[in-house]
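**Q** Got entry_30.txt for you, compact mmCIF, C-alpha atoms:
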# COMPACT_ATOMS: atom_id res chain seq x y z
CA MET D 7 -25.49 4.93 7.34
CA PHE D 8 -24.44 2.61 4.53
CA ALA D 9 -22.53 -0.28 6.13
CA TYR D 10 -19.47 0.19 3.94
CA ALA D 11 -19.34 3.99 4.13
CA THR D 12 -16.02 4.17 5.99
CA PRO D 13 -14.13 1.80 3.63
CA LEU D 14 -15.56 3.70 0.66
CA ILE D 15 -14.74 7.17 2.03
CA GLY D 16 -11.31 5.92 3.12
CA GLY D 17 -10.71 4.65 -0.40
CA LEU D 18 -11.78 8.00 -1.88
CA LEU D 19 -9.29 9.78 0.42
CA ILE D 20 -6.48 7.41 -0.64
CA GLY D 21 -7.32 8.07 -4.30
CA THR D 22 -7.40 11.83 -3.68
CA SER D 23 -3.98 11.68 -2.04
CA ALA D 24 -2.58 9.81 -5.06
CA VAL D 25 -4.07 12.32 -7.51
CA ALA D 26 -2.71 15.27 -5.48
CA LEU D 27 0.78 13.77 -5.36
CA LEU D 28 0.79 13.33 -9.15
CA TRP D 29 -0.70 16.76 -9.74
CA PHE D 30 1.72 18.68 -7.52
CA LEU D 31 4.92 16.61 -7.62
CA GLY D 32 4.44 14.45 -10.71
CA ARG D 33 5.02 11.35 -8.57
CA ILE D 34 3.22 8.03 -8.19
CA ALA D 35 1.91 7.36 -4.66
CA GLY D 36 3.29 3.84 -4.40
CA VAL D 37 4.18 3.34 -0.75
CA ALA D 38 6.79 0.63 -1.41
CA GLY D 39 8.52 2.88 -3.96
CA ILE D 40 8.42 5.91 -1.67
CA VAL D 41 9.85 3.92 1.25
CA TRP D 42 12.62 2.46 -0.90
CA GLY D 43 13.46 5.89 -2.28
CA ALA D 44 13.62 7.28 1.26
CA ILE D 45 15.90 4.62 2.74
CA SER D 46 18.14 4.35 -0.32
CA ALA D 47 18.93 8.08 -0.05
CA GLN D 48 17.64 9.32 -3.39
CA PRO D 49 18.24 13.02 -4.08
CA ASP D 50 15.42 15.45 -3.28
CA ASN D 51 14.17 13.14 -0.56
CA ALA D 52 12.43 15.35 2.01
CA TRP D 53 8.98 14.85 0.49
CA ARG D 54 9.37 11.05 0.78
CA TRP D 55 10.29 11.10 4.47
CA LEU D 56 7.47 13.53 5.18
CA PHE D 57 5.01 11.36 3.25
CA ILE D 58 6.01 8.48 5.59
CA VAL D 59 5.60 10.77 8.63
CA GLY D 60 2.13 11.59 7.27
CA LEU D 61 1.28 7.89 6.95
CA LEU D 62 1.69 7.67 10.74
CA LEU D 63 0.25 11.08 11.53
CA GLY D 64 -2.94 10.34 9.57
CA PRO D 65 -4.12 7.39 11.66
CA ALA D 66 -3.09 9.18 14.88
CA LEU D 67 -5.30 12.12 13.89
CA TYR D 68 -8.14 9.90 12.68
CA HIS D 69 -8.38 7.78 15.84
CA THR D 70 -7.98 10.79 18.15
CA LEU D 71 -10.37 13.19 16.43
CA THR D 72 -13.12 10.66 15.70
CA ALA D 73 -12.62 8.74 18.98
CA THR D 74 -12.46 5.51 16.95
CA PRO D 75 -10.75 2.74 18.93
CA TYR D 76 -7.60 1.13 17.52
CA PRO D 77 -8.15 -2.17 15.68
CA VAL D 78 -7.92 -5.30 17.84
CA PRO D 79 -4.24 -6.41 17.80
CA SER D 80 -3.51 -9.41 15.61
CA ALA D 81 -3.38 -12.71 17.47
CA LEU D 82 -0.89 -14.15 14.99
CA PRO D 83 2.57 -15.11 16.31
CA TRP D 84 5.62 -12.86 15.83
CA TRP D 85 7.26 -15.22 13.34
CA GLN D 86 4.24 -14.96 11.08
CA ALA D 87 4.65 -11.16 11.11
CA ALA D 88 8.36 -11.63 10.30
CA ALA D 89 7.67 -14.08 7.47
CA GLY D 90 4.90 -11.91 6.02
CA GLY D 91 7.04 -8.78 6.17
CA LEU D 92 10.04 -10.49 4.57
CA LEU D 93 7.94 -11.87 1.68
CA VAL D 94 6.21 -8.52 1.16
CA GLY D 95 9.60 -6.78 1.03
CA ILE D 96 11.05 -9.26 -1.47
CA GLY D 97 7.88 -9.24 -3.56
CA VAL D 98 7.46 -5.47 -3.88
CA LYS D 99 11.09 -5.05 -4.89
CA LEU D 100 10.96 -7.80 -7.53
CA GLY D 101 7.48 -6.89 -8.74
CA SER D 102 8.14 -3.13 -8.65
CA GLY D 103 5.09 -2.20 -6.63
CA CYS D 104 2.51 -2.93 -3.97
CA THR D 105 -1.21 -2.48 -3.45
CA SER D 106 -0.96 1.30 -3.76
CA GLY D 107 1.57 1.47 -6.61
CA HIS D 108 0.10 -1.21 -8.84
CA GLY D 109 -3.42 -1.41 -7.40
CA VAL D 110 -4.48 2.19 -6.81
CA CYS D 111 -2.13 4.16 -9.10
CA GLY D 112 -1.33 1.62 -11.83
CA LEU D 113 -4.97 0.71 -12.41
CA GLY D 114 -5.80 4.43 -12.36
CA ARG D 115 -3.53 5.04 -15.31
CA LEU D 116 -4.68 1.85 -17.07
CA SER D 117 -1.27 0.16 -16.97
CA PRO D 118 -1.46 -3.43 -18.28
CA ARG D 119 1.57 -4.32 -16.13
CA SER D 120 -0.20 -3.14 -12.99
CA LEU D 121 -3.39 -4.97 -13.90
CA VAL D 122 -1.46 -8.24 -14.27
CA ALA D 123 0.42 -7.58 -11.01
CA THR D 124 -2.78 -6.76 -9.11
CA ILE D 125 -4.60 -9.87 -10.33
CA THR D 126 -1.52 -11.96 -9.44
CA PHE D 127 -1.11 -10.68 -5.88
CA MET D 128 -4.84 -10.86 -5.19
CA ALA D 129 -4.82 -14.47 -6.39
CA THR D 130 -1.80 -15.56 -4.33
CA GLY D 131 -3.11 -13.63 -1.30
CA ILE D 132 -6.44 -15.45 -1.52
CA ALA D 133 -4.67 -18.80 -2.06
CA THR D 134 -2.37 -18.19 0.93
CA VAL D 135 -5.23 -17.38 3.30
CA TYR D 136 -7.12 -20.42 1.99
CA VAL D 137 -4.19 -22.72 2.70
CA ILE D 138 -3.47 -21.25 6.15
CA ARG D 139 -7.09 -21.18 7.33
CA HIS D 140 -8.79 -24.06 5.54
CA VAL D 141 -6.02 -26.55 4.73
CA LEU D 142 -3.68 -26.10 7.68
CA GLY D 143 -6.59 -25.06 9.89
CA ALA D 144 -4.62 -22.26 11.57
CA MET D 145 -5.91 -18.74 12.29
CA MET L 22 6.80 23.43 -0.65
CA LYS L 23 7.38 19.94 -2.11
CA ALA L 24 8.02 18.66 1.39
CA ILE L 25 4.73 20.13 2.64
CA ILE L 26 2.85 18.43 -0.21
CA GLY L 27 4.56 15.16 0.76
CA LEU L 28 3.41 15.56 4.36
CA LEU L 29 -0.16 16.51 3.41
CA CYS L 30 -0.53 13.68 0.88
CA GLY L 31 0.95 11.15 3.32
CA THR L 32 -1.39 12.32 6.07
CA LEU L 33 -4.44 12.12 3.79
CA PHE L 34 -3.33 8.66 2.68
CA GLY L 35 -2.86 7.58 6.32
CA ILE L 36 -6.29 8.88 7.34
CA GLY L 37 -7.76 6.95 4.40
CA LEU L 38 -6.01 3.74 5.46
CA ALA L 39 -7.13 4.01 9.09
CA MET L 40 -10.68 5.03 8.22
CA SER L 41 -11.09 2.27 5.65
CA GLY L 42 -9.98 -0.42 8.09
CA MET L 43 -6.87 -1.40 6.14
CA THR L 44 -4.74 -1.04 9.27
CA ASP L 45 -6.82 -3.90 10.74
CA THR L 46 -5.28 -7.23 9.67
CA ALA L 47 -8.54 -9.04 10.51
CA LYS L 48 -10.39 -7.07 7.81
CA VAL L 49 -7.68 -7.61 5.20
CA LEU L 50 -7.42 -11.35 5.89
CA GLY L 51 -11.21 -11.53 6.03
CA PHE L 52 -11.36 -10.06 2.53
CA LEU L 53 -8.80 -12.53 1.20
CA ASP L 54 -10.68 -15.41 2.88
CA VAL L 55 -13.24 -15.77 0.08
CA SER L 56 -14.38 -19.25 1.11
CA GLY L 57 -14.78 -18.29 4.77
CA ASP L 58 -16.78 -15.53 6.42
CA TRP L 59 -16.03 -12.98 3.66
CA VAL L 60 -15.41 -9.35 4.67
CA PRO L 61 -16.00 -7.18 1.56
CA ASP L 62 -14.54 -3.91 2.95
CA LEU L 63 -11.36 -3.95 0.86
CA ALA L 64 -13.36 -4.07 -2.37
CA PHE L 65 -14.92 -0.72 -1.44
CA VAL L 66 -11.53 0.75 -0.50
CA MET L 67 -9.90 -0.30 -3.78
CA GLY L 68 -13.00 0.55 -5.79
CA GLY L 69 -13.27 4.02 -4.25
CA ALA L 70 -9.57 4.76 -4.65
CA VAL L 71 -9.40 3.57 -8.27
CA CYS L 72 -12.50 5.58 -9.23
CA VAL L 73 -10.73 8.72 -8.04
CA THR L 74 -7.38 7.90 -9.69
CA LEU L 75 -9.01 6.91 -13.01
CA VAL L 76 -10.67 10.31 -13.38
CA GLY L 77 -8.03 12.33 -11.53
CA PHE L 78 -4.99 10.93 -13.35
CA TYR L 79 -6.70 11.40 -16.70
CA LEU L 80 -7.33 15.07 -15.95
CA VAL L 81 -3.92 15.72 -14.35
CA LEU L 82 -1.98 14.07 -17.18
CA LYS L 83 -3.61 16.38 -19.71
CA SER L 84 -1.21 19.07 -18.56
CA LYS L 85 2.44 19.01 -19.62
CA ALA L 86 4.04 19.16 -16.20
CA PRO L 87 3.12 18.87 -12.52
CA LEU L 88 2.52 22.10 -10.59
CA LEU L 89 5.82 21.86 -8.70
CA GLY L 90 8.11 20.03 -11.09
CA LYS L 91 9.46 19.82 -14.61
CA LYS L 92 7.81 16.57 -15.66
CA PHE L 93 5.67 13.64 -14.56
CA LEU L 94 7.81 10.75 -13.33
CA LEU L 95 5.88 7.67 -14.38
CA PRO L 96 7.18 4.11 -14.59
CA GLY L 97 8.34 3.61 -18.18
CA THR L 98 8.53 -0.18 -18.27
CA ARG L 99 5.77 -1.91 -20.15
CA ILE L 100 7.19 -5.43 -20.12
CA ILE L 101 5.22 -8.15 -18.40
CA ASP L 102 7.85 -10.73 -17.46
CA GLY L 103 8.62 -13.44 -14.95
CA ARG L 104 10.12 -10.94 -12.55
CA LEU L 105 6.90 -8.92 -12.39
CA LEU L 106 4.74 -12.04 -12.02
CA GLY L 107 7.05 -13.72 -9.51
CA GLY L 108 7.41 -10.56 -7.47
CA ALA L 109 3.67 -9.91 -7.39
CA ALA L 110 3.05 -13.57 -6.47
CA ILE L 111 5.54 -13.44 -3.56
CA PHE L 112 4.10 -10.12 -2.43
CA GLY L 113 0.58 -11.60 -2.39
CA ILE L 114 1.75 -14.56 -0.32
CA GLY L 115 3.34 -12.24 2.25
CA TRP L 116 0.17 -10.13 2.31
CA GLY L 117 -1.90 -13.24 3.01
CA VAL L 118 0.50 -14.56 5.66
CA TYR L 119 0.02 -11.60 8.00
CA GLY L 120 -2.51 -9.19 6.48
CA TYR L 121 -0.41 -6.10 5.85
CA CYS L 122 0.97 -4.51 2.71
CA PRO L 123 3.55 -1.68 3.01
CA GLY L 124 1.23 1.34 3.53
CA PRO L 125 -1.01 -0.10 6.23
CA ALA L 126 1.99 -1.66 8.01
CA LEU L 127 3.68 1.74 8.33
CA SER L 128 0.45 3.44 9.39
CA ALA L 129 -0.20 0.73 11.99
CA LEU L 130 3.13 1.51 13.70
CA VAL L 131 1.12 4.17 15.51
CA TYR L 132 -0.70 1.40 17.43
CA MET L 133 2.64 0.41 19.02
CA GLU L 134 2.24 -3.34 18.56
CA GLN L 135 5.43 -5.38 18.61
CA ASN L 136 4.38 -7.55 15.64
CA THR L 137 3.92 -4.50 13.41
CA GLY L 138 7.45 -3.37 14.20
CA ILE L 139 8.74 -6.86 13.38
CA PHE L 140 6.77 -6.84 10.10
CA VAL L 141 8.17 -3.47 9.03
CA VAL L 142 11.78 -4.37 9.88
CA ALA L 143 11.45 -7.71 8.03
CA MET L 144 9.94 -5.87 5.04
CA LEU L 145 12.86 -3.43 4.86
CA VAL L 146 15.32 -6.35 5.15
CA GLY L 147 13.49 -8.13 2.31
CA MET L 148 13.67 -5.03 0.12
CA ALA L 149 17.35 -4.42 0.79
CA LEU L 150 18.26 -8.09 0.31
CA THR L 151 16.40 -8.31 -3.00
CA ASN L 152 17.97 -5.07 -4.19
CA ARG L 153 21.45 -6.41 -3.41
CA LEU L 154 20.86 -9.80 -5.05
CA THR L 155 19.20 -8.51 -8.20
CA ARG L 156 21.66 -5.70 -8.85
CA ALA L 157 24.68 -8.00 -9.12
What does this structure look like when you write it as structure tokens?
**A**
Amino acid sequence: MFAYATPLIGGLLIGTSAVALLWFLGRIAGVAGIVWGAISAQPDNAWRWLFIVGLLLGPALYHTLTATPYPVPSALPWWQAAAGGLLVGIGVKLGSGCTSGHGVCGLGRLSPRSLVATITFMATGIATVYVIRHVLGAM
Amino acid sequence: MKAIIGLLCGTLFGIGLAMSGMTDTAKVLGFLDVSGDWVPDLAFVMGGAVCVTLVGFYLVLKSKAPLLGKKFLLPGTRIIDGRLLGGAAIFGIGWGVYGYCPGPALSALVYMEQNTGIFVVAMLVGMALTNRLTRA
């Protein structure tokens, strides 16, 4: 099979989920926005919490049914997870979206804002990994 | 009914993330490491997903309302400002520091790794903190 079949099919499923959410509920499948809506107790919230439950249920089903092993755990230290998480949280709130909101959904509806955001976070992500791996020489 | 759609869409999204390898930080960081041993997987994930949303959103938005609601709730802002750029820049740095963005981090909780739990808690703290500081 084509070497990148699983990333491609996975991407098609993610896109299908986003289209279905817009079609049925009229909502954008931006995970950061859904999570924020859920924890900040927006009205009519059940669908958000269940979307999050689904985000965990999906991988559980996938790994069990296809007997695919879990990814190898990251060897990075806990404080790097904490720093990454904190920056991601600050960034999605300021920038109003993440990879799914701006990347998958925003680009899908040809939003100039989302295109600028996506190019920006791709660029700083690439720069960050470059600095960590090739300047600082860490993992 | 809306809740069931939420569950089904979330599950489909989660299957997509796991299948595509986005719950594997090594693949994400490998994609961002363009000058190293480049891992192109994420390009196929994003490419595949955007192909579907480009066509799907176009068709869906031809109708006046969603199937289970009064109207489509789309972000109305069109302004590209420092807040958008700064936020996206900070988000990208955080993504590159550990290799997770919000969706994959939540999905990866299923693997029961301590670091993923730490990442998710820190992310929620970052969101809440930013909300408090920017609302004042």
**Q** Enter the distance from CA of Arg33 (chain D) to CA of Gly131 (chain D), in Å, rounded to one decimal.
**A** 27.3 Å
**Q** Residues proximal to (3.1, 23.3, -9.3) were defined as those with any atom within 12 Å of that point in the file's coordinates, counting only C-alpha atoms. Which are they, as number ranges by chain?
**A** D: 26-32; L: 22-23, 26, 81, 84-93
**Q** Considering all atoms listed in the file, extract the chain D residues located within 6 Å of chain L and return them as a compact mmCIF listing (two decimals) with C-alpha atoms, in the coordinates of the input.
**A**
# COMPACT_ATOMS: atom_id res chain seq x y z
CA THR D 12 -16.02 4.17 5.99
CA PRO D 13 -14.13 1.80 3.63
CA LEU D 14 -15.56 3.70 0.66
CA GLY D 16 -11.31 5.92 3.12
CA GLY D 17 -10.71 4.65 -0.40
CA LEU D 18 -11.78 8.00 -1.88
CA LEU D 19 -9.29 9.78 0.42
CA ILE D 20 -6.48 7.41 -0.64
CA GLY D 21 -7.32 8.07 -4.30
CA SER D 23 -3.98 11.68 -2.04
CA VAL D 25 -4.07 12.32 -7.51
CA TRP D 29 -0.70 16.76 -9.74
CA PHE D 30 1.72 18.68 -7.52
CA LEU D 31 4.92 16.61 -7.62
CA GLY D 32 4.44 14.45 -10.71
CA ARG D 33 5.02 11.35 -8.57
CA VAL D 37 4.18 3.34 -0.75
CA ALA D 38 6.79 0.63 -1.41
CA ALA D 52 12.43 15.35 2.01
CA TRP D 53 8.98 14.85 0.49
CA LEU D 56 7.47 13.53 5.18
CA PHE D 57 5.01 11.36 3.25
CA GLY D 60 2.13 11.59 7.27
CA LEU D 61 1.28 7.89 6.95
CA LEU D 62 1.69 7.67 10.74
CA LEU D 63 0.25 11.08 11.53
CA GLY D 64 -2.94 10.34 9.57
CA PRO D 65 -4.12 7.39 11.66
CA TYR D 68 -8.14 9.90 12.68
CA PRO D 77 -8.15 -2.17 15.68
CA TRP D 84 5.62 -12.86 15.83
CA ALA D 87 4.65 -11.16 11.11
CA ALA D 88 8.36 -11.63 10.30
CA GLY D 90 4.90 -11.91 6.02
CA GLY D 91 7.04 -8.78 6.17
CA LEU D 92 10.04 -10.49 4.57
CA LEU D 93 7.94 -11.87 1.68
CA VAL D 94 6.21 -8.52 1.16
CA GLY D 95 9.60 -6.78 1.03
CA ILE D 96 11.05 -9.26 -1.47
CA GLY D 97 7.88 -9.24 -3.56
CA VAL D 98 7.46 -5.47 -3.88
CA LYS D 99 11.09 -5.05 -4.89
CA LEU D 100 10.96 -7.80 -7.53
CA GLY D 101 7.48 -6.89 -8.74
CA VAL D 110 -4.48 2.19 -6.81
CA GLY D 114 -5.80 4.43 -12.36
CA ARG D 119 1.57 -4.32 -16.13
CA ALA D 123 0.42 -7.58 -11.01
CA THR D 126 -1.52 -11.96 -9.44
CA PHE D 127 -1.11 -10.68 -5.88
CA THR D 130 -1.80 -15.56 -4.33
CA GLY D 131 -3.11 -13.63 -1.30
CA ILE D 132 -6.44 -15.45 -1.52
CA THR D 134 -2.37 -18.19 0.93
CA VAL D 135 -5.23 -17.38 3.30
**Q** Interatomic distance between CA of Cys104 (chain D) and CA of Gly36 (chain D)?
**A**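 Atom-to-atom, CA of Cys104 (chain D) and CA of Gly36 (chain D) are spaced 6.8 Å apart.
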**Q** Do you have the CA of Tyr10 (chain D)-CA of Ala24 (chain D) distance handy?
**A** 21.4 Å
